[in-house]
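See below for target-v7.txt, which holds compact mmCIF, C-alpha atoms.
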# COMPACT_ATOMS: atom_id res chain seq x y z
CA MET A 17 24.43 112.88 107.40
CA LYS A 18 22.37 115.27 105.30
CA PRO A 19 21.61 118.76 106.64
CA LYS A 20 17.98 119.60 107.34
CA TYR A 21 16.65 122.98 106.22
CA THR A 22 13.44 124.76 107.10
CA ILE A 23 12.00 126.09 103.87
CA ALA A 24 8.93 128.30 103.59
CA VAL A 25 6.98 127.99 100.34
CA THR A 26 4.01 130.03 99.10
CA SER A 27 1.25 129.23 96.56
CA LEU A 28 -0.23 125.94 97.72
CA ASN A 29 -3.19 126.65 95.45
CA ASN A 30 -3.12 123.43 93.45
CA THR A 31 -6.28 124.31 91.55
CA ASP A 32 -6.98 124.30 87.80
CA ASN A 33 -4.95 127.53 87.75
CA PRO A 34 -2.16 126.23 89.96
CA GLY A 35 0.65 127.93 91.78
CA ALA A 36 4.04 126.25 91.91
CA GLY A 37 4.11 125.67 95.69
CA VAL A 38 3.08 122.01 95.81
CA PRO A 39 5.35 120.81 92.95
CA VAL A 40 8.25 122.85 94.38
CA ILE A 41 7.73 121.06 97.71
CA ARG A 42 7.62 117.68 95.95
CA GLY A 43 10.99 118.51 94.40
CA LEU A 44 12.41 119.61 97.76
CA ARG A 45 11.22 116.44 99.47
CA GLU A 46 13.07 114.44 96.80
CA ALA A 47 16.29 116.44 97.22
CA LYS A 48 19.32 114.19 97.49
CA SER A 49 21.60 116.68 99.23
CA PHE A 50 19.38 117.77 102.15
CA ASP A 51 16.25 117.00 104.15
CA VAL A 52 13.51 119.56 104.64
CA ARG A 53 10.92 120.80 107.04
CA ILE A 54 8.33 122.63 104.97
CA ILE A 55 6.43 125.69 106.14
CA GLY A 56 3.45 126.37 103.88
CA LEU A 57 2.53 130.05 103.61
CA VAL A 58 -1.05 130.49 102.40
CA TYR A 59 -3.33 133.38 101.56
CA GLU A 60 -6.62 131.48 101.47
CA ASN A 61 -7.77 128.78 103.85
CA LEU A 62 -8.98 126.55 101.03
CA GLU A 63 -5.70 126.25 99.18
CA PRO A 64 -5.59 122.48 98.46
CA GLY A 65 -1.94 122.09 99.54
CA ILE A 66 -3.05 122.79 103.13
CA TYR A 67 -5.07 119.57 103.16
CA MET A 68 -2.76 117.37 101.08
CA GLU A 69 -0.65 114.78 102.86
CA ASN A 70 3.14 115.06 102.97
CA VAL A 71 3.13 118.59 101.56
CA ALA A 72 3.62 121.03 104.45
CA ASP A 73 4.76 120.23 107.99
CA LYS A 74 3.23 123.46 109.27
CA ILE A 75 0.90 126.01 107.72
CA TYR A 76 0.68 129.75 108.36
CA GLN A 77 -1.76 132.15 106.82
CA ILE A 78 -0.14 135.35 105.55
CA PRO A 79 -1.75 138.67 104.50
CA TYR A 80 -1.94 139.58 100.81
CA PRO A 81 0.93 141.90 99.85
CA SER A 82 -1.73 144.52 99.03
CA ALA A 83 -2.20 144.87 102.82
CA GLY A 84 1.17 146.67 102.81
CA SER A 85 4.72 145.43 103.11
CA ASP A 86 4.99 146.34 106.84
CA VAL A 87 2.06 144.11 107.76
CA PHE A 88 3.37 141.42 105.45
CA MET A 89 6.90 141.48 106.86
CA GLU A 90 5.64 141.56 110.45
CA ARG A 91 3.85 138.31 109.78
CA ILE A 92 6.96 136.75 108.21
CA GLU A 93 9.00 137.90 111.21
CA TYR A 94 6.50 136.26 113.57
CA ILE A 95 6.60 132.98 111.60
CA HIS A 96 10.40 133.11 111.53
CA SER A 97 10.50 133.56 115.32
CA LYS A 98 8.57 130.29 115.64
CA GLU A 99 10.13 128.27 112.83
CA ASN A 100 13.62 129.61 112.21
CA ILE A 101 13.25 129.64 108.42
CA ASP A 102 16.41 129.07 106.35
CA VAL A 103 15.00 129.84 102.88
CA ILE A 104 11.76 131.30 101.49
CA ILE A 105 10.62 130.38 97.97
CA PRO A 106 7.83 132.75 96.83
CA ASN A 107 5.84 131.44 93.86
CA PHE A 108 3.05 133.96 93.41
CA ASP A 109 3.54 136.80 90.90
CA ALA A 110 1.81 139.45 92.98
CA GLU A 111 4.03 138.83 96.03
CA LEU A 112 7.39 138.75 94.25
CA PHE A 113 8.00 142.49 94.34
CA THR A 114 7.45 142.60 98.11
CA PHE A 115 9.88 139.75 98.66
CA MET A 116 12.48 141.24 96.31
CA LYS A 117 12.19 144.65 97.98
CA SER A 118 12.59 143.02 101.40
CA GLU A 119 15.52 140.81 100.42
CA HIS A 120 17.95 142.58 102.77
CA VAL A 121 15.47 142.73 105.65
CA LEU A 122 14.94 139.00 105.27
CA LYS A 123 18.68 138.42 105.04
CA ASP A 124 19.22 140.38 108.25
CA MET A 125 16.67 138.11 109.90
CA GLY A 126 18.63 135.09 108.64
CA ILE A 127 16.22 134.12 105.85
CA LYS A 128 17.71 133.50 102.41
CA THR A 129 15.97 133.98 99.08
CA PHE A 130 17.15 133.54 95.50
CA LEU A 131 15.11 136.00 93.47
CA PRO A 132 15.65 138.18 90.40
CA THR A 133 16.83 141.74 91.00
CA ILE A 134 14.24 144.53 90.84
CA LYS A 135 15.81 145.63 87.52
CA GLN A 136 15.48 142.13 86.05
CA PHE A 137 11.93 141.91 87.34
CA GLU A 138 10.89 145.30 85.95
CA GLU A 139 12.43 145.06 82.49
CA ARG A 140 10.70 141.78 81.59
CA HIS A 141 7.17 143.04 82.41
CA LYS A 142 4.72 142.24 79.64
CA SER A 143 4.43 145.95 78.87
CA GLU A 144 8.25 146.27 78.64
CA LEU A 145 8.90 143.15 76.56
CA PRO A 146 9.39 144.90 73.17
CA GLU A 147 12.09 147.11 74.74
CA PHE A 148 13.61 144.03 76.37
CA GLY A 149 13.76 142.37 72.95
CA LYS A 150 15.51 145.38 71.40
CA LYS A 151 17.99 145.69 74.27
CA TYR A 152 19.05 142.04 74.35
CA GLY A 153 18.38 141.02 70.75
CA PHE A 154 15.40 138.65 70.97
CA ASP A 155 12.32 138.40 68.77
CA ILE A 156 9.27 139.75 70.60
CA PRO A 157 5.80 140.31 69.11
CA PHE A 158 4.87 143.98 68.71
CA SER A 159 2.76 145.17 71.63
CA LYS A 160 1.49 148.28 73.31
CA THR A 161 -0.25 149.06 76.55
CA ILE A 162 -3.64 150.70 76.81
CA THR A 163 -5.21 152.23 79.87
CA ASN A 164 -8.71 153.14 78.73
CA LEU A 165 -11.40 152.18 76.25
CA SER A 166 -10.78 155.19 74.01
CA ASP A 167 -7.36 153.75 73.07
CA ILE A 168 -9.02 150.77 71.37
CA LYS A 169 -10.28 152.52 68.26
CA ASN A 170 -6.72 153.46 67.23
CA LEU A 171 -5.40 149.90 67.48
CA GLN A 172 -6.45 149.24 63.87
CA TYR A 173 -3.66 151.57 62.66
CA GLU A 174 -0.94 149.55 64.38
CA PHE A 175 -2.28 145.98 64.50
CA ASN A 176 -3.89 143.45 62.22
CA TYR A 177 -6.66 141.46 63.86
CA PRO A 178 -6.71 139.09 65.68
CA VAL A 179 -4.74 140.52 68.61
CA LEU A 180 -3.99 139.19 72.07
CA VAL A 181 -5.42 141.11 75.01
CA LYS A 182 -3.42 140.43 78.18
CA GLY A 183 -3.58 141.35 81.85
CA LYS A 184 -0.43 142.66 83.52
CA PHE A 185 -0.15 139.56 85.74
CA TYR A 186 -2.48 136.91 84.33
CA ASP A 187 -5.08 136.20 81.64
CA ALA A 188 -4.86 136.44 77.87
CA TYR A 189 -7.64 136.43 75.29
CA LEU A 190 -7.59 136.39 71.49
CA ALA A 191 -9.76 139.17 70.07
CA TYR A 192 -10.87 139.19 66.43
CA THR A 193 -12.68 142.52 66.51
CA PRO A 194 -12.47 145.87 68.38
CA GLU A 195 -15.74 144.90 70.11
CA GLN A 196 -14.05 141.82 71.53
CA VAL A 197 -11.08 143.93 72.66
CA ILE A 198 -13.54 146.13 74.59
CA GLU A 199 -15.10 143.06 76.19
CA PHE A 200 -11.72 141.59 77.21
CA PHE A 201 -10.36 144.98 78.32
CA ASN A 202 -13.28 145.32 80.74
CA LYS A 203 -12.90 141.76 81.96
CA ILE A 204 -9.14 142.02 82.54
CA SER A 205 -8.98 145.56 83.93
CA SER A 206 -11.70 144.82 86.50
CA LYS A 207 -9.62 141.90 87.77
CA TRP A 208 -5.99 142.99 87.39
CA GLY A 209 -6.25 146.73 86.82
CA VAL A 210 -4.56 148.67 84.02
CA PRO A 211 -2.55 148.77 81.86
CA VAL A 212 -3.88 146.08 79.60
CA ILE A 213 -1.44 144.82 77.01
CA ILE A 214 -2.35 144.45 73.34
CA GLN A 215 0.03 142.04 71.63
CA GLU A 216 0.48 141.10 67.98
CA PHE A 217 -0.78 137.57 67.39
CA ILE A 218 1.97 135.30 66.09
CA LYS A 219 0.76 132.09 64.52
CA GLY A 220 2.64 129.02 65.65
CA THR A 221 3.11 126.51 68.43
CA GLU A 222 3.52 127.57 72.04
CA VAL A 223 6.59 126.09 73.71
CA ASN A 224 7.85 126.89 77.20
CA VAL A 225 11.15 126.62 79.03
CA ILE A 226 11.77 126.43 82.78
CA ALA A 227 15.20 127.68 83.73
CA LEU A 228 17.36 128.62 86.70
CA GLY A 229 20.03 131.30 86.46
CA ASP A 230 22.81 131.73 89.03
CA GLY A 231 22.86 135.54 88.79
CA LYS A 232 26.31 135.52 87.17
CA GLY A 233 25.19 134.65 83.66
CA ASN A 234 25.24 130.87 83.99
CA THR A 235 22.28 128.61 83.34
CA ILE A 236 22.15 126.03 86.13
CA GLY A 237 19.33 124.10 84.51
CA SER A 238 16.72 124.39 81.78
CA VAL A 239 14.04 122.11 80.39
CA PRO A 240 11.74 122.86 77.44
CA MET A 241 8.14 121.66 77.37
CA ARG A 242 5.18 121.69 75.05
CA LYS A 243 1.68 121.69 76.47
CA GLN A 244 -0.25 118.67 75.25
CA TYR A 245 -3.50 119.32 77.07
CA ILE A 246 -4.61 122.85 77.86
CA THR A 247 -7.36 123.94 80.26
CA ASP A 248 -9.87 126.64 79.43
CA LYS A 249 -7.62 128.98 81.45
CA GLY A 250 -4.77 128.19 79.05
CA LYS A 251 -2.88 126.21 81.69
CA ALA A 252 -1.04 122.99 80.93
CA TRP A 253 -2.91 119.91 82.16
CA GLY A 254 -0.42 117.70 80.37
CA GLY A 255 2.94 118.35 78.74
CA ILE A 256 6.06 116.73 77.33
CA THR A 257 9.76 117.61 77.46
CA LEU A 258 11.31 118.54 74.11
CA GLY A 259 14.74 118.06 72.59
CA ASP A 260 14.75 121.44 70.83
CA LYS A 261 18.35 122.71 70.87
CA ASN A 262 17.36 126.16 69.58
CA LEU A 263 15.22 126.76 72.65
CA MET A 264 18.13 125.82 74.91
CA LYS A 265 20.43 128.14 73.00
CA ILE A 266 18.06 131.12 73.27
CA THR A 267 17.50 130.44 76.99
CA LYS A 268 21.21 130.27 77.77
CA ASP A 269 21.81 133.41 75.74
CA LEU A 270 19.06 135.29 77.60
CA ILE A 271 20.35 134.23 81.02
CA LYS A 272 23.91 135.13 80.02
CA LYS A 273 22.93 138.58 78.74
CA THR A 274 20.61 139.46 81.64
CA LYS A 275 22.61 137.61 84.36
CA TRP A 276 19.24 136.28 85.47
CA LYS A 277 19.05 135.28 89.11
CA GLY A 278 16.52 132.69 90.22
CA GLY A 279 13.85 130.58 88.60
CA MET A 280 12.05 131.64 85.47
CA GLU A 281 9.68 130.49 82.75
CA LEU A 282 10.10 131.60 79.17
CA GLU A 283 7.05 131.35 76.93
CA PHE A 284 7.68 131.18 73.20
CA ILE A 285 5.75 130.93 69.97
CA LYS A 286 7.64 128.84 67.45
CA THR A 287 6.53 129.65 63.92
CA GLN A 288 6.33 127.37 60.90
CA GLU A 289 9.55 129.02 59.70
CA ASN A 290 11.34 127.98 62.94
CA LYS A 291 11.45 131.50 64.32
CA TYR A 292 11.11 131.83 68.10
CA TYR A 293 9.19 134.76 69.57
CA ILE A 294 9.31 135.33 73.33
CA ILE A 295 5.76 136.15 74.40
CA GLU A 296 6.27 136.20 78.17
CA ILE A 297 9.00 135.95 80.78
CA ASN A 298 7.68 134.83 84.15
CA PRO A 299 10.13 135.70 86.95
CA ARG A 300 9.46 132.61 89.03
CA ILE A 301 9.28 128.85 88.93
CA PRO A 302 6.24 127.69 86.92
CA ALA A 303 3.62 125.21 88.18
CA TRP A 304 4.95 122.48 85.85
CA VAL A 305 8.34 122.43 87.61
CA TYR A 306 7.86 118.82 88.72
CA LEU A 307 8.22 117.76 85.08
CA ALA A 308 11.79 119.12 85.18
CA VAL A 309 12.41 117.16 88.41
CA GLY A 310 11.02 114.03 86.72
CA ALA A 311 13.22 114.64 83.68
CA GLY A 312 16.36 114.72 85.82
CA GLN A 313 16.75 118.36 86.89
CA ASN A 314 15.70 119.04 90.48
CA LEU A 315 15.61 122.81 90.06
CA PRO A 316 13.98 123.54 93.47
CA GLU A 317 16.87 121.69 95.16
CA ALA A 318 19.41 123.63 93.09
CA LEU A 319 17.65 126.93 93.89
CA VAL A 320 17.83 126.27 97.65
CA LYS A 321 21.54 125.48 97.38
CA LEU A 322 22.14 128.70 95.45
CA ALA A 323 20.16 130.63 98.08
CA LEU A 324 22.37 129.14 100.78
CA GLY A 325 25.46 130.29 98.89
CA GLU A 326 26.59 126.83 97.85
CA ASN A 327 28.38 126.15 94.59
CA VAL A 328 26.00 124.43 92.18
CA GLU A 329 27.21 122.65 89.06
CA PRO A 330 24.97 123.18 86.01
CA PHE A 331 22.83 120.22 84.96
CA LYS A 332 24.22 118.68 81.79
CA SER A 333 21.15 116.86 80.48
CA TYR A 334 17.50 115.95 80.95
CA ASP A 335 15.23 113.23 79.58
CA VAL A 336 13.45 114.10 76.33
CA GLY A 337 9.93 112.70 75.98
CA LYS A 338 9.04 112.78 79.70
CA MET A 339 5.40 113.65 80.20
CA PHE A 340 3.23 114.96 82.98
CA VAL A 341 -0.52 114.66 83.30
CA ARG A 342 -2.39 116.47 86.08
CA TYR A 343 -5.39 115.05 87.85
CA SER A 344 -7.99 116.25 90.29
CA GLN A 345 -8.96 114.44 93.44
CA ASP A 346 -11.27 115.19 96.34
CA ILE A 347 -9.55 115.38 99.72
CA ILE A 348 -11.75 114.72 102.73
CA ALA A 349 -10.96 117.08 105.58
CA ASP A 350 -12.52 117.81 108.94
CA ILE A 351 -14.09 121.18 109.67
CA SER A 352 -11.78 121.47 112.70
CA VAL A 353 -8.79 121.90 110.36
CA PHE A 354 -10.54 124.70 108.51
CA GLU A 355 -11.67 126.19 111.83
CA LYS A 356 -8.16 126.21 113.29
CA LEU A 357 -6.69 127.94 110.25
CA SER A 358 -9.57 130.44 110.08
CA MET A 359 -9.41 131.31 113.77
CA ILE A 360 -5.71 131.31 114.63
CA GLY A 361 -4.10 131.51 111.19
CA GLU A 362 -1.82 128.52 111.64
CA LEU A 363 -2.00 124.78 111.54
CA MET B 20 14.85 111.55 51.30
CA LYS B 21 15.58 110.25 54.80
CA ILE B 22 14.04 110.34 58.25
CA ARG B 23 15.44 113.16 60.43
CA ASN B 24 18.00 111.54 62.67
CA ASN B 25 16.41 112.50 66.00
CA ILE B 26 13.00 111.06 65.09
CA ALA B 27 12.22 107.99 67.17
CA VAL B 28 10.23 105.16 65.54
CA SER B 29 9.28 102.30 67.85
CA GLU B 30 8.64 98.69 66.84
CA THR B 31 4.92 99.26 67.35
CA GLY B 32 4.90 102.05 64.78
CA PHE B 33 4.77 104.93 67.27
CA VAL B 34 6.67 107.98 66.00
CA PHE B 35 7.93 110.73 68.33
CA ASP B 36 9.38 114.04 67.17
CA PRO B 37 11.42 115.38 70.13
CA ASN B 38 11.70 118.84 68.58
CA SER B 39 7.98 119.51 68.42
CA GLY B 40 6.72 116.99 70.99
CA ASP B 41 4.32 115.62 68.34
CA SER B 42 3.65 111.92 68.16
CA PHE B 43 2.03 109.82 65.44
CA THR B 44 0.89 106.26 64.92
CA LEU B 45 1.67 104.32 61.75
CA ASN B 46 -0.06 101.31 60.24
CA GLU B 47 2.04 98.36 59.03
CA THR B 48 2.57 99.88 55.57
CA GLY B 49 3.61 103.26 56.94
CA LYS B 50 5.95 101.60 59.42
CA GLN B 51 7.57 99.55 56.63
CA ILE B 52 8.10 102.66 54.51
CA LEU B 53 9.61 104.61 57.40
CA ASN B 54 11.92 101.73 58.26
CA MET B 55 13.06 101.50 54.65
CA LEU B 56 13.67 105.25 54.50
CA SER B 57 15.70 104.94 57.73
CA GLU B 58 17.80 102.25 56.07
CA GLY B 59 18.56 104.69 53.28
CA LYS B 60 16.43 102.98 50.60
CA THR B 61 15.45 105.15 47.63
CA GLY B 62 11.87 105.82 46.54
CA SER B 63 12.36 103.51 43.57
CA GLU B 64 13.64 100.66 45.77
CA ILE B 65 10.69 101.08 48.13
CA LYS B 66 8.25 101.03 45.19
CA HIS B 67 9.76 97.81 43.79
CA PHE B 68 9.60 96.15 47.19
CA PHE B 69 5.89 96.85 47.55
CA ILE B 70 4.98 95.98 43.94
CA GLU B 71 6.82 92.66 44.23
CA ASN B 72 5.55 91.68 47.67
CA PHE B 73 1.98 92.97 47.74
CA GLU B 74 -0.99 92.91 45.43
CA VAL B 75 -1.07 96.55 44.49
CA GLU B 76 -1.35 98.42 41.19
CA VAL B 77 1.74 100.49 40.32
CA THR B 78 -0.22 103.72 39.90
CA THR B 79 -2.19 103.15 43.10
CA PHE B 80 1.02 102.61 45.04
CA GLU B 81 2.73 105.60 43.41
CA ASN B 82 -0.16 107.92 44.26
CA ASN B 83 -0.41 106.77 47.86
CA PHE B 84 3.36 106.72 48.33
CA SER B 85 3.74 110.22 46.98
CA GLU B 86 0.92 111.46 49.22
CA PHE B 87 2.54 109.76 52.23
CA LEU B 88 5.93 111.35 51.51
CA MET B 89 4.29 114.76 51.18
CA MET B 90 2.68 114.22 54.56
CA LEU B 91 6.04 113.30 56.12
CA GLN B 92 7.55 116.45 54.62
CA GLY B 93 4.64 118.56 55.86
CA LEU B 94 5.14 117.18 59.35
CA ASN B 95 8.85 117.94 59.13
CA LEU B 96 9.81 114.32 59.83
CA VAL B 97 12.07 113.90 56.80
CA GLU B 98 14.92 115.76 55.17
CA GLU B 99 16.38 115.64 51.66
Will you turn the file into structure tokens for me?
Amino acid sequence: MKPKYTIAVTSLNNTDNPGAGVPVIRGLREAKSFDVRIIGLVYENLEPGIYMENVADKIYQIPYPSAGSDVFMERIEYIHSKENIDVIIPNFDAELFTFMKSEHVLKDMGIKTFLPTIKQFEERHKSELPEFGKKYGFDIPFSKTITNLSDIKNLQYEFNYPVLVKGKFYDAYLAYTPEQVIEFFNKISSKWGVPVIIQEFIKGTEVNVIALGDGKGNTIGSVPMRKQYITDKGKAWGGITLGDKNLMKITKDLIKKTKWKGGMELEFIKTQENKYYIIEINPRIPAWVYLAVGAGQNLPEALVKLALGENVEPFKSYDVGKMFVRYSQDIIADISVFEKLSMIGEL
Amino acid sequence: MKIRNNIAVSETGFVFDPNSGDSFTLNETGKQILNMLSEGKTGSEIKHFFIENFEVEVTTFENNFSEFLMMLQGLNLVEE
């Protein structure tokens, strides 16, 4: 008989800028080695995963981490007292630090996580990427951080236009002129704060890899993907798995050198000359994780087993040429569901 | 010149490059040429096959064939 675990998952925001919560849950529900009871942790009461069938067994609203880690952890403690959570899988960038910082508190409560260390999390920040590249020997586009508008006029001495203007968590725009940099700086800093990252634009094809490291230098699984259909937010609406051995080699090398623990997404630009530049390292499972599950690597299942301290054998292969295509659909819900979540914060 | 060994060409003429994720569709002529390249036929053998079996001027075929091969090279589907 398979064990049954209670797993709490965040980011049920399956919008056109999706979090990974819903696809992670789909993977967990297809796990061969265990059954699950899913606790959905949501920030907003219109996150689509709340209303989708067969996603969460129970929903709890949680405060944004910006409310302070004490308030945040109090809420988790309350939910744990009701649900007896075995594992939490956070999927939202802005909450990761709080969860990583509280790893031992959660462990003492009996809740397992499988997250990168604070050091791993900090050194792969967009603003730290060039240093990361030097330290571990990977090609990274030249970049620098700016904190105010007066920094923009000097960019011409260090960059050739166009340049990428990026927020510290999300958003990236291609700017062809200093005027456009000003426009994007204002747009990004008002939403995500400073610093804003200016990155050299490398011409090529964007390719991404989802991977899971065991924290000891081993790659448990990795699947490369190329976006085939991109939304106006730059998100993949369709993608296909690749058979690019170089990408696999770089990923394994990175995980070995950093001893990466947990899920991750590596974003690359592959140039015409077959050079691979890492443009971002996301320290969490990406929203396209279900493609990896469909291609033969159930990484959410493997992550839960690692969190529970089980021995997990690395995946040996995946299907090349597997595709995913997203779709949108209207879910009809009753106001009473919305009311219940709004008034008592659980469902 | 030969087709890179991991390039998949289906019977319908659908070509998939697993390295880049790109896919292409071929017409009957393109499919025939790719199949012949896969079999290891030389450019000269392919030219003779088409001249003998189809109503096509030698120079017309040579121009189109050369353009097609350049396209395959540009798309990184073939290797020397």
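Taking all atoms listed in the file into account, those protein, DNA and RNA residues with any atom at most 7 Å away from (14.9, 118.3, 51.0) amount to Met20, Glu98 and Glu99 of chain B.
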At what distance in Å, to one decimal, does atom CA of Asp155 of chain A lie from atom CA of Glu174 of chain A?
17.9 Å
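Proximity ranking of B:Thr78, B:Ser57, B:Asn95, B:Asn83 relative to chain A places B:Asn95 first, based on all atoms listed in the file.
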Per residue of chain A within 10 Å of chain B, which atom pair is closest and at what distance in Å (one decimal), using only C-alpha atoms, listed by chain and increasing number, as JSON lines?
{"residue": "A:Thr221", "atom": "CA", "partner": "B:Ser39", "partner_atom": "CA", "distance": 8.5}
{"residue": "A:Glu222", "atom": "CA", "partner": "B:Ser39", "partner_atom": "CA", "distance": 9.9}
{"residue": "A:Val223", "atom": "CA", "partner": "B:Ser39", "partner_atom": "CA", "distance": 8.6}
{"residue": "A:Pro240", "atom": "CA", "partner": "B:Asn38", "partner_atom": "CA", "distance": 9.7}
{"residue": "A:Met241", "atom": "CA", "partner": "B:Gly40", "partner_atom": "CA", "distance": 8.0}
{"residue": "A:Arg242", "atom": "CA", "partner": "B:Gly40", "partner_atom": "CA", "distance": 6.4}
{"residue": "A:Lys243", "atom": "CA", "partner": "B:Gly40", "partner_atom": "CA", "distance": 8.8}
{"residue": "A:Gln244", "atom": "CA", "partner": "B:Gly40", "partner_atom": "CA", "distance": 8.3}
{"residue": "A:Gly255", "atom": "CA", "partner": "B:Gly40", "partner_atom": "CA", "distance": 8.7}
{"residue": "A:Ile256", "atom": "CA", "partner": "B:Gly40", "partner_atom": "CA", "distance": 6.4}
{"residue": "A:Thr257", "atom": "CA", "partner": "B:Gly40", "partner_atom": "CA", "distance": 7.2}
{"residue": "A:Leu258", "atom": "CA", "partner": "B:Pro37", "partner_atom": "CA", "distance": 5.1}
{"residue": "A:Gly259", "atom": "CA", "partner": "B:Pro37", "partner_atom": "CA", "distance": 4.9}
{"residue": "A:Asp260", "atom": "CA", "partner": "B:Asn38", "partner_atom": "CA", "distance": 4.6}
{"residue": "A:Lys261", "atom": "CA", "partner": "B:Asn38", "partner_atom": "CA", "distance": 8.0}
{"residue": "A:Asn262", "atom": "CA", "partner": "B:Asn38", "partner_atom": "CA", "distance": 9.3}
{"residue": "A:Leu263", "atom": "CA", "partner": "B:Asn38", "partner_atom": "CA", "distance": 9.6}
{"residue": "A:Lys286", "atom": "CA", "partner": "B:Ser39", "partner_atom": "CA", "distance": 9.4}
{"residue": "A:Gln288", "atom": "CA", "partner": "B:Asn95", "partner_atom": "CA", "distance": 9.9}
{"residue": "A:Val336", "atom": "CA", "partner": "B:Pro37", "partner_atom": "CA", "distance": 6.6}
{"residue": "A:Gly337", "atom": "CA", "partner": "B:Pro37", "partner_atom": "CA", "distance": 6.6}
{"residue": "A:Lys338", "atom": "CA", "partner": "B:Gly40", "partner_atom": "CA", "distance": 9.9}
{"residue": "A:Met339", "atom": "CA", "partner": "B:Gly40", "partner_atom": "CA", "distance": 9.9}
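Across the structure, atom CA of Leu28 of chain A and atom CA of Phe88 of chain A are spaced 17.7 Å apart.
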As a check of understanding: the span from atom CA of Leu96 of chain B to atom CA of Val34 of chain B is 9.4 Å
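Nearest-residue note for Ile65 of chain B: choosing from B:Gly93, B:Leu88, B:Ile26, B:Ser42, the minimum distance belongs to B:Leu88, counting all atoms listed in the file.
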Which of these, B:Ile22, B:Phe43, B:Val97, B:Glu76, has the shortest distance to Gly59 of chain B once you count only C-alpha atoms?
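Answer, going by the shortest atom-to-atom distance: B:Ile22.
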Do you know which residues are at most 10 Å from Asp73 of chain A counting all atoms listed in the file, after dropping those on the same chain fewer than 4 positions away, and could you put them as a CSV table (one decimal) with C-alpha atoms, keeping the file's coordinate frame?
chain,number,residue,atom,x,y,z
A,22,THR,CA,13.4,124.8,107.1
A,52,VAL,CA,13.5,119.6,104.6
A,53,ARG,CA,10.9,120.8,107.0
A,54,ILE,CA,8.3,122.6,105.0
A,55,ILE,CA,6.4,125.7,106.1
A,56,GLY,CA,3.4,126.4,103.9
A,66,ILE,CA,-3.0,122.8,103.1
A,69,GLU,CA,-0.6,114.8,102.9
A,363,LEU,CA,-2.0,124.8,111.5
Contacts of Pro79 of chain A at 9 Å (only C-alpha atoms; same-chain gap of 6+ positions) as a ChimeraX atom specification:
/A:58-59,87-88,91
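Distance check against Phe115 of chain A using all atoms listed in the file: of A:Tyr67, A:Phe331, A:Phe148, A:Phe130, the minimum falls on A:Phe130.
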Could you name the residues that touch Phe175 of chain A at 10 Å or less, counting all atoms listed in the file, but leaving out those on the same chain fewer than 6 positions away, as a count of residues only?
7
